[in-house]
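Here the structure comes first, spelled out in structure tokens, and everything after it is commentary.
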Amino acid sequence: MISANGSRGVLSAAGVAPMLNQAFKRGRPVAVALAINSPGGSPVQSSLIGAQIRRLAEEKRVPVHAFVEDVAASGGYWLAASADDIWVDSSSITGSIGVISAGFGFPELLARYGIERRVHTAGEDKSILDPFRPERAEDIERLKSIQARVHSSFIDHVRARRGHKLATDRDLFTGEIFVGEEAVSAGLVDGIDHLVPRMKALYGDKIVFRPFRQRRPLFQRLVPNVLEAGLQGVEERVAWARFGL
């Protein structure tokens, strides 16, 4: 998942920055390959990571190739679109170019158990979408307005990176997902291929691969936060489940 929370299993701009810097700068690479497997997450973190990929690629004049594993959807596709080309497996899931907000509402739960909730704000919209009160039409309208702006930024990014390749006979920005060859036909990806054979086809059989992976801080590895890890695990499971994985 992509999140500002830099704990285990999460991609954040701060967390992947050292890995990206090494990939682009160590040993004068002829190219950088991104192995992407993400159901998405934070649009801001996705944008920050994607922007860093482009800055480094242009600064070092190094081509970037993205290879999708199980899924590169939503924010995961944002990252893939930051590459110069995108390659998928015949069963890879891509797309989901949209914005989602999900949660729960408990407006009657507190009253049922005789609990009084006291919330005091300066500013009438400070408690927007409070899950312990009925939804207000103006709150929903405000949320949809925010989502529309984020969605517009996502669409602009995809068009800027792949505009000349995108199919023009359908709307690709409804949040729909595409599998394998469907994504190729839609112009969201460039073809069906895997990392090693594609890179060898582009740069020769003698190419040397140097893998870089994100590392968690030592303290997180030695002393994991059990509660945080449990909550994150639930959230991550829900994110992957949206794509049947």
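A note on labels: chains of the structure tokens are A, B, ... as shown, every chain counts residues from 1, and ligands are counted from 1 in their shown order.
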
Enumerate the residues of range 55-227 of chain A with a DSSP assignment of helix (DSSP H, G or I), computed from the backbone, and present them as a PyMOL selection string.
chain A and resi 55-60+75-81+109-112+137-162+181-186+195-203+218-222+226-227

Set the distance at 7 Å and use only C-alpha atoms: which residues neighbour Ser82 in chain A once local chain neighbours fewer than 4 positions away are removed? I'd like the list as a list in words.
Gly50, Ile53, Arg54, Trp78 and Arg161 of chain A

Grab the residues selected above and save them as a tab-separated table (two decimals), in the first residue's frame with N, CA and C atoms.
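Below you can see out02.tsv, which holds the result:
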```tsv
chain	number	residue	atom	x	y	z
A	50	GLY	N	6.05	9.50	-7.60
A	50	GLY	CA	6.10	9.62	-9.05
A	50	GLY	C	6.94	10.80	-9.49
A	53	ILE	N	10.62	9.99	-9.15
A	53	ILE	CA	11.06	9.12	-10.24
A	53	ILE	C	11.37	9.95	-11.49
A	54	ARG	N	10.47	10.88	-11.82
A	54	ARG	CA	10.68	11.71	-13.01
A	54	ARG	C	11.88	12.64	-12.85
A	78	TRP	N	-0.45	5.08	-10.74
A	78	TRP	CA	0.21	6.41	-10.79
A	78	TRP	C	1.72	6.21	-10.85
A	161	ARG	N	1.63	11.59	-19.14
A	161	ARG	CA	2.61	10.54	-19.32
A	161	ARG	C	2.29	9.61	-20.50
```

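Take CA of Ala73 in chain A and CA of Glu176 in chain A: the distance between them is 9.6 Å.
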
Residues within 7 Å of range 99-109 of chain A, only C-alpha atoms, excluding chain neighbours under 4 positions, as a ChimeraX atom specification
/A:113,131-134,147,151
